[in-house]
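What follows is a single structure, written as structure tokens, with notes after it.
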Amino acid sequence: MDPVLQIKDLKVEVDTGTAVHSVLDGVTLTLRRGQTLAVVGESGCGKSMTALSAMGLLPDRFRIAAGQILLGEEDLVQVRPQRLRALRGNAMSMIFQEPMTSLNPVLTVERQIAEVVELHQDKTGAQAREIALEMLRAVQIPSPETRLAAYPHELSGGMRQRVMIAIALACRPRVIIADEPTTALDVTVQAQIFRLLRELQMQTDTAIMLITHDMGAVAEMADEVAVLYAGKCIEAGPAAQLLAAPAHPYTSGLMACTPKLRLGRAALTAPARGLGEIPGMVPPLGQFPPACRFAPRCARATEKCHATPPETVRLGPDHETLCWHPNEAREAAPAC
Ligand SMILES: Nc1ncnc2c1ncn2[C@@H]1O[C@H](COP(=O)(O)OP(=O)(O)O)[C@@H](O)[C@H]1O
Ligand SMILES: [Mg+2]
């Protein structure tokens, strides 16, 4: 499948006023047309900063220090802010975790969808209203005609997230970045939202970057997976392979934290070795260990891991990890 968005060797820094810290250190990811790339890792690993870099929405004091973000042929690191504004909401859009804070509380659902359409497309008010209605139907909101006039606070959490998806899809973007889109929702609604995203993706061929710490969601949604730890991509590969035979001890640890991985597109079983949590915490910025960043928390770490940064190990054509002692490859379970 064609690459739609390619992040290459992305380095992001933050200037705290007293020091400059590395936030992302050489992150490389590829999103392909019609496919879902899951970006996983614990809180604080750099998932949102990766997404915000691509959207040109890094917070103050953060900056891209190196790398490329290619949307088609265009390098978003190099383009003017004006060009990024034109692309945002149009060629690429983002769905955030908490729709209540990203929706405008004083505008109706109709206005919020219509505004995006009017901003990016040459449409009249009546046409924009028609598109708003069409989008509410697409995200399967009941009684869409009535809901057009609703304000965000009049909707349930799940309905608000559907409205966010409607806004994100209104201009038929090539790329959608969904940053923990269902974390604030209960489990049944989460499943509905994921099902909806998948259906819409099949209809529109949109590439989705799904940021999550839920390995169950990864199993259901992802074609490819990238695992971030302390600003580095420590394992990446096709979802079926990576979930069936995780190479990095951190990836296995994340999977072990998911008590019962739901069976999804990548049929899989929970790893044989016990369930539990990964001991310790993600190091804060400025305190990354000098060699392998995961070494202080890793049961397999040897002296070498504390002394020398790990090199990339290839486990398959597109499956690689950054580790001195990767798990031995088991035969990948066949994809269903
Ligand atoms: N606004 C901010 N100011 C300073 N540091 C931040 C801010 N947002 C995030 N960080 C730090 O940047 C790092 C990466 O964070 P983030 O990308 O938000 O992680 P994730 O999305 O994986 O939870 C973390 O160490 C986090 O504490
Ligand atoms: Mg985040």
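We name chains A, B, ... following the order of the structure tokens; residues begin at 1 in each chain, and ligands are numbered from 1 as shown.
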Any chance you could list, as a PyMOL selection string, the residues in region 197-247 of chain A that come up strand (DSSP E or B) when DSSP is run on the backbone? chain A and resi 207-212+224-229+232-238
- request: Dump the neighbourhood of ligand 1 as a PyMOL selection string: all residues within 10 Å, distances computed on only C-alpha atoms and all ligand atoms.
  value: chain A and resi 12-16+21-24+39-53+58-62+179-180+211-213+228-231+282-288
Next, write the just-selected residues to a file, as a tab-separated table (two decimals), in the first residue's frame, keeping N, CA and C atoms as the atom set.
```tsv
chain	number	residue	atom	x	y	z
A	12	VAL	N	12.53	15.84	18.45
A	12	VAL	CA	11.81	16.98	19.04
A	12	VAL	C	12.47	17.31	20.37
A	13	GLU	N	12.59	18.61	20.63
A	13	GLU	CA	13.20	19.07	21.89
A	13	GLU	C	12.26	20.02	22.59
A	14	VAL	N	12.46	20.15	23.91
A	14	VAL	CA	11.73	21.16	24.65
A	14	VAL	C	12.76	22.02	25.40
A	15	ASP	N	12.52	23.31	25.38
A	15	ASP	CA	13.38	24.23	26.11
A	15	ASP	C	12.64	24.64	27.39
A	16	THR	N	13.12	24.16	28.51
A	16	THR	CA	12.40	24.42	29.77
A	16	THR	C	12.76	25.79	30.36
A	21	HIS	N	15.78	19.65	26.60
A	21	HIS	CA	15.69	18.20	26.73
A	21	HIS	C	15.19	17.58	25.44
A	22	SER	N	15.69	16.38	25.17
A	22	SER	CA	15.18	15.63	24.03
A	22	SER	C	13.83	15.00	24.41
A	23	VAL	N	12.85	15.14	23.53
A	23	VAL	CA	11.52	14.56	23.77
A	23	VAL	C	11.32	13.35	22.86
A	24	LEU	N	11.64	13.52	21.57
A	24	LEU	CA	11.63	12.40	20.62
A	24	LEU	C	13.02	12.31	20.02
A	39	VAL	N	0.17	3.40	17.47
A	39	VAL	CA	1.37	3.87	18.18
A	39	VAL	C	1.10	3.64	19.66
A	40	VAL	N	1.89	2.77	20.27
A	40	VAL	CA	1.61	2.38	21.65
A	40	VAL	C	2.79	2.71	22.57
A	41	GLY	N	2.50	2.68	23.85
A	41	GLY	CA	3.52	2.97	24.86
A	41	GLY	C	2.81	3.57	26.06
A	42	GLU	N	3.47	3.50	27.21
A	42	GLU	CA	2.87	4.07	28.41
A	42	GLU	C	2.78	5.58	28.31
A	43	SER	N	2.07	6.15	29.25
A	43	SER	CA	1.93	7.58	29.33
A	43	SER	C	3.31	8.24	29.46
A	44	GLY	N	3.54	9.29	28.70
A	44	GLY	CA	4.82	10.00	28.80
A	44	GLY	C	5.89	9.52	27.84
A	45	CYS	N	5.57	8.57	26.95
A	45	CYS	CA	6.59	8.03	26.04
A	45	CYS	C	6.81	8.87	24.79
A	46	GLY	N	5.89	9.80	24.51
A	46	GLY	CA	6.08	10.67	23.35
A	46	GLY	C	5.06	10.46	22.25
A	47	LYS	N	3.98	9.74	22.53
A	47	LYS	CA	2.98	9.45	21.50
A	47	LYS	C	2.29	10.74	21.03
A	48	SER	N	1.81	11.52	21.99
A	48	SER	CA	1.10	12.74	21.60
A	48	SER	C	2.03	13.73	20.90
A	49	MET	N	3.27	13.81	21.36
A	49	MET	CA	4.21	14.75	20.73
A	49	MET	C	4.50	14.34	19.29
A	50	THR	N	4.50	13.05	19.03
A	50	THR	CA	4.66	12.57	17.64
A	50	THR	C	3.48	13.06	16.80
A	51	ALA	N	2.26	12.87	17.34
A	51	ALA	CA	1.06	13.29	16.62
A	51	ALA	C	1.04	14.80	16.42
A	52	LEU	N	1.34	15.54	17.47
A	52	LEU	CA	1.26	17.00	17.39
A	52	LEU	C	2.33	17.55	16.45
A	53	SER	N	3.47	16.87	16.36
A	53	SER	CA	4.50	17.29	15.39
A	53	SER	C	3.94	17.20	13.98
A	58	LEU	N	2.66	21.45	17.96
A	58	LEU	CA	3.47	21.27	19.18
A	58	LEU	C	3.24	22.44	20.13
A	59	PRO	N	3.19	22.17	21.46
A	59	PRO	CA	3.00	23.28	22.40
A	59	PRO	C	4.21	24.22	22.41
A	60	ASP	N	4.02	25.37	23.02
A	60	ASP	CA	5.11	26.35	23.16
A	60	ASP	C	6.32	25.66	23.78
A	61	ARG	N	7.46	26.11	23.40
A	61	ARG	CA	8.74	25.67	23.93
A	61	ARG	C	9.19	24.31	23.36
A	62	PHE	N	8.30	23.64	22.62
A	62	PHE	CA	8.70	22.40	21.94
A	62	PHE	C	9.05	22.76	20.50
A	179	ASP	N	-5.84	10.36	18.89
A	179	ASP	CA	-5.00	10.28	20.08
A	179	ASP	C	-5.84	9.80	21.27
A	180	GLU	N	-5.71	8.53	21.58
A	180	GLU	CA	-6.49	7.90	22.67
A	180	GLU	C	-7.97	8.27	22.53
A	211	ILE	N	-3.37	6.25	18.35
A	211	ILE	CA	-2.51	6.30	19.53
A	211	ILE	C	-3.28	5.69	20.68
A	212	THR	N	-2.67	4.72	21.34
A	212	THR	CA	-3.40	4.04	22.41
A	212	THR	C	-2.42	3.36	23.36
A	213	HIS	N	-2.87	3.11	24.59
A	213	HIS	CA	-2.04	2.23	25.41
A	213	HIS	C	-2.78	0.91	25.63
A	228	LEU	N	6.57	3.00	21.28
A	228	LEU	CA	7.48	4.07	21.73
A	228	LEU	C	7.83	3.86	23.19
A	229	TYR	N	9.09	4.13	23.51
A	229	TYR	CA	9.49	4.16	24.91
A	229	TYR	C	10.48	5.30	25.11
A	230	ALA	N	10.18	6.19	26.01
A	230	ALA	CA	11.06	7.31	26.34
A	230	ALA	C	11.60	8.00	25.08
A	231	GLY	N	10.68	8.31	24.16
A	231	GLY	CA	11.05	9.10	22.98
A	231	GLY	C	11.71	8.34	21.86
A	282	VAL	N	8.27	5.31	33.42
A	282	VAL	CA	8.92	5.97	32.29
A	282	VAL	C	9.75	7.13	32.85
A	283	PRO	N	11.03	7.23	32.47
A	283	PRO	CA	11.82	8.33	33.02
A	283	PRO	C	11.33	9.68	32.51
A	284	PRO	N	11.37	10.71	33.35
A	284	PRO	CA	10.98	12.04	32.88
A	284	PRO	C	12.01	12.61	31.91
A	285	LEU	N	11.61	13.65	31.18
A	285	LEU	CA	12.52	14.29	30.22
A	285	LEU	C	13.78	14.73	30.95
A	286	GLY	N	14.92	14.58	30.27
A	286	GLY	CA	16.18	15.00	30.87
A	286	GLY	C	16.79	13.93	31.74
A	287	GLN	N	16.06	12.85	31.99
A	287	GLN	CA	16.62	11.78	32.84
A	287	GLN	C	16.61	10.43	32.13
A	288	PHE	N	16.74	10.47	30.80
A	288	PHE	CA	16.78	9.21	30.07
A	288	PHE	C	18.11	8.51	30.35
```
Pick the closest to ligand 2 from A:Ser156, A:Gln112, A:Thr183, A:Asn90: which is it, counting only C-alpha atoms and all ligand atoms?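 Of A:Ser156, A:Gln112, A:Thr183, A:Asn90, the one nearest ligand 2 is A:Thr183, counting only C-alpha atoms and all ligand atoms.
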- Message: I need the residues of region 25-179 of chain A that end up classed as helix (DSSP H, G or I) by DSSP on the backbone, written out as a ChimeraX atom specification.
- Response: /A:47-55,81-87,99-102,109-120,125-138,144-147,152-154,157-169
Of A:Pro181, A:Pro289, A:Gly26, A:Pro238, the one nearest to ligand 2 when counting only C-alpha atoms and all ligand atoms is A:Pro181
Can you tell me, as a compact mmCIF listing (two decimals) with C-alpha atoms, in the first residue's frame, what residues are no more than 12 Å from Ala38 (chain A) when counting only C-alpha atoms, ignoring any on the same chain fewer than 4 positions away?
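This is the output file part-v3.txt:
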```txt
# COMPACT_ATOMS: atom_id res chain seq x y z
CA LEU A 29 6.87 5.74 11.22
CA THR A 30 4.94 5.08 8.01
CA LEU A 31 1.18 5.33 7.51
CA ARG A 32 -0.25 3.66 4.45
CA LYS A 47 2.98 9.45 21.50
CA ALA A 51 1.06 13.29 16.62
CA ILE A 176 -6.59 10.86 10.61
CA ILE A 177 -4.65 10.89 13.84
CA ALA A 178 -6.72 9.60 16.74
CA ASP A 179 -5.00 10.28 20.08
CA GLU A 180 -6.49 7.90 22.67
CA ALA A 207 -4.88 6.19 6.77
CA ILE A 208 -5.29 6.18 10.56
CA MET A 209 -2.65 6.70 13.21
CA LEU A 210 -4.25 5.27 16.34
CA ILE A 211 -2.51 6.30 19.53
CA THR A 212 -3.40 4.04 22.41
CA HIS A 213 -2.04 2.23 25.41
CA ASP A 214 -4.69 -0.48 25.02
CA MET A 215 -3.13 -3.54 23.38
CA GLY A 216 -6.63 -5.01 22.99
CA ALA A 217 -7.52 -2.07 20.72
CA VAL A 218 -4.29 -2.67 18.82
CA ALA A 219 -5.27 -6.28 18.21
CA GLU A 220 -8.65 -5.21 16.87
CA MET A 221 -7.65 -2.21 14.82
CA ALA A 222 -4.04 -2.21 13.72
CA ASP A 223 -2.33 -3.33 10.55
CA GLU A 224 1.04 -2.04 11.75
CA VAL A 225 2.33 -1.21 15.22
CA ALA A 226 5.05 1.10 16.51
CA VAL A 227 6.04 0.92 20.17
CA LEU A 228 7.48 4.07 21.73
CA GLU A 235 9.83 -2.00 18.11
CA ALA A 236 7.82 -1.73 14.91
CA GLY A 237 6.22 -4.24 12.59
CA PRO A 238 3.08 -5.77 11.14
CA ALA A 239 0.48 -6.13 13.91
CA LEU A 242 4.42 -8.15 16.51
CA LEU A 243 1.52 -9.29 18.70
```
Who sits within 8 Å of Ala166 (chain A), only C-alpha atoms, same chain under 2 positions skipped, as a list in words:
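Surrounding residues, per the criterion: Ile113, Ala132, Met135, Leu136, Ala138, Val139, Arg162, Val163, Met164, Ala168, Leu169 and Ala170 of chain A.
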Across A:Ile95, A:Pro173, A:Asp2, A:Pro144, the smallest distance to ligand 2, with only C-alpha atoms and all ligand atoms counted, is shown by A:Ile95
Find the residues around Ser252 (chain A) up to 9 Å (only C-alpha atoms counted), leave out those fewer than 5 positions away in its own chain, and share them as a PDB file with N, CA and C atoms, in the first residue's frame.
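Result file is out_4.pdb:
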```pdb
ATOM      1  N   LEU A 243       2.326  -8.838  17.568  1.00  0.00           N
ATOM      2  CA  LEU A 243       1.519  -9.289  18.697  1.00  0.00           C
ATOM      3  C   LEU A 243       1.724 -10.782  18.961  1.00  0.00           C
ATOM      4  N   ALA A 245       4.509 -12.469  18.285  1.00  0.00           N
ATOM      5  CA  ALA A 245       5.869 -12.707  18.745  1.00  0.00           C
ATOM      6  C   ALA A 245       6.571 -11.378  19.031  1.00  0.00           C
ATOM      7  N   PRO A 246       6.171 -10.710  20.126  1.00  0.00           N
ATOM      8  CA  PRO A 246       6.820  -9.434  20.438  1.00  0.00           C
ATOM      9  C   PRO A 246       8.307  -9.657  20.703  1.00  0.00           C
ATOM     10  N   ALA A 247       9.144  -8.786  20.146  1.00  0.00           N
ATOM     11  CA  ALA A 247      10.583  -9.013  20.260  1.00  0.00           C
ATOM     12  C   ALA A 247      11.172  -8.283  21.459  1.00  0.00           C
ATOM     13  N   CYS A 257       0.338  -6.652  30.460  1.00  0.00           N
ATOM     14  CA  CYS A 257      -0.515  -5.762  31.255  1.00  0.00           C
ATOM     15  C   CYS A 257      -1.963  -5.800  30.792  1.00  0.00           C
ATOM     16  N   PRO A 271       0.645 -13.624  26.157  1.00  0.00           N
ATOM     17  CA  PRO A 271       1.910 -14.339  26.313  1.00  0.00           C
ATOM     18  C   PRO A 271       1.846 -15.308  27.484  1.00  0.00           C
ATOM     19  N   ASN A 327      13.414 -11.067  22.474  1.00  0.00           N
ATOM     20  CA  ASN A 327      12.819 -12.397  22.630  1.00  0.00           C
ATOM     21  C   ASN A 327      13.104 -13.189  21.367  1.00  0.00           C
TER      22      ASN A 327
END
```
Selection: 12 Å around Glu199 (chain A), only C-alpha atoms, excl. self and same-chain fewer than 6 positions, as a list in words: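 Listing them by chain and then by number gives Gly34, Gln35, Ala138, Val139, Gln140, Gln192, Ile193, Asp205, Thr206 and Met221 of chain A.
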Write the selection just made, keeping N, CA and C atoms, as a JSON list (two decimals), in the first residue's frame?
```json
[["chain", "number", "residue", "atom", "x", "y", "z"],
["A", 34, "GLY", "N", -5.44, 3.53, 3.65],
["A", 34, "GLY", "CA", -6.43, 2.53, 4.04],
["A", 34, "GLY", "C", -6.00, 1.66, 5.22],
["A", 35, "GLN", "N", -4.85, 1.96, 5.82],
["A", 35, "GLN", "CA", -4.37, 1.11, 6.91],
["A", 35, "GLN", "C", -4.32, 1.88, 8.22],
["A", 138, "ALA", "N", -23.20, 9.48, 8.51],
["A", 138, "ALA", "CA", -22.05, 8.59, 8.34],
["A", 138, "ALA", "C", -21.53, 8.06, 9.69],
["A", 139, "VAL", "N", -21.57, 8.91, 10.71],
["A", 139, "VAL", "CA", -21.06, 8.44, 12.02],
["A", 139, "VAL", "C", -22.19, 7.83, 12.87],
["A", 140, "GLN", "N", -23.31, 7.56, 12.19],
["A", 140, "GLN", "CA", -24.42, 6.80, 12.77],
["A", 140, "GLN", "C", -24.99, 7.41, 14.05],
["A", 192, "GLN", "N", -17.86, 0.35, 20.02],
["A", 192, "GLN", "CA", -18.69, 0.92, 18.95],
["A", 192, "GLN", "C", -17.88, 1.94, 18.14],
["A", 193, "ILE", "N", -17.12, 2.76, 18.85],
["A", 193, "ILE", "CA", -16.34, 3.80, 18.16],
["A", 193, "ILE", "C", -15.27, 3.16, 17.27],
["A", 205, "ASP", "N", -10.85, 4.80, 2.62],
["A", 205, "ASP", "CA", -9.42, 4.52, 2.39],
["A", 205, "ASP", "C", -8.48, 5.46, 3.15],
["A", 206, "THR", "N", -8.99, 6.03, 4.23],
["A", 206, "THR", "CA", -8.17, 6.94, 5.02],
["A", 206, "THR", "C", -7.09, 6.16, 5.78],
["A", 221, "MET", "N", -7.65, -3.29, 15.82],
["A", 221, "MET", "CA", -7.65, -2.21, 14.82],
["A", 221, "MET", "C", -6.43, -2.19, 13.90]]
```
- Could you check which of A:Ala91, A:Ile167, A:Leu103, A:Leu84 is closest to Ala128 (chain A), using only C-alpha atoms?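 Using only C-alpha atoms, the shortest distance to Ala128 (chain A) belongs to A:Ile167.
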Nearby residues (only C-alpha atoms) at most 12 Å from Cys298 (chain A), same-chain spacing under 2 positions excluded, as a list of chain:residue names
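Here the answer would be A:His248, A:Pro249, A:Tyr250, A:Thr251, A:Ser252, A:Gly253, A:Glu277, A:Ile278, A:Pro279, A:Gly280, A:Met281, A:Val282, A:Cys292, A:Arg293, A:Phe294, A:Ala295, A:Pro296, A:Arg300, A:Ala301, A:Thr302, A:Glu303, A:Cys305, A:His306, A:Cys323, A:Trp324, A:His325, A:Pro326.
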What is the CA of Ala65 (chain A)-CA of Lys11 (chain A) distance in Å, reported with one decimal?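 Distance reported for this atom pair: 5.3 Å.
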Nearest to ligand 2, restricted to only C-alpha atoms and all ligand atoms and choosing among A:Gln97, A:Gly72, A:Gln161, A:Asp25, comes out as A:Gln97
Open item on the list: Under the rule that only C-alpha atoms and all ligand atoms are counted, which of A:Gln6, A:Asn104, A:Val109, A:Glu98 is the nearest residue to ligand 2?
Closed with: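 Comparing A:Gln6, A:Asn104, A:Val109, A:Glu98 against ligand 2, the winner is A:Glu98.
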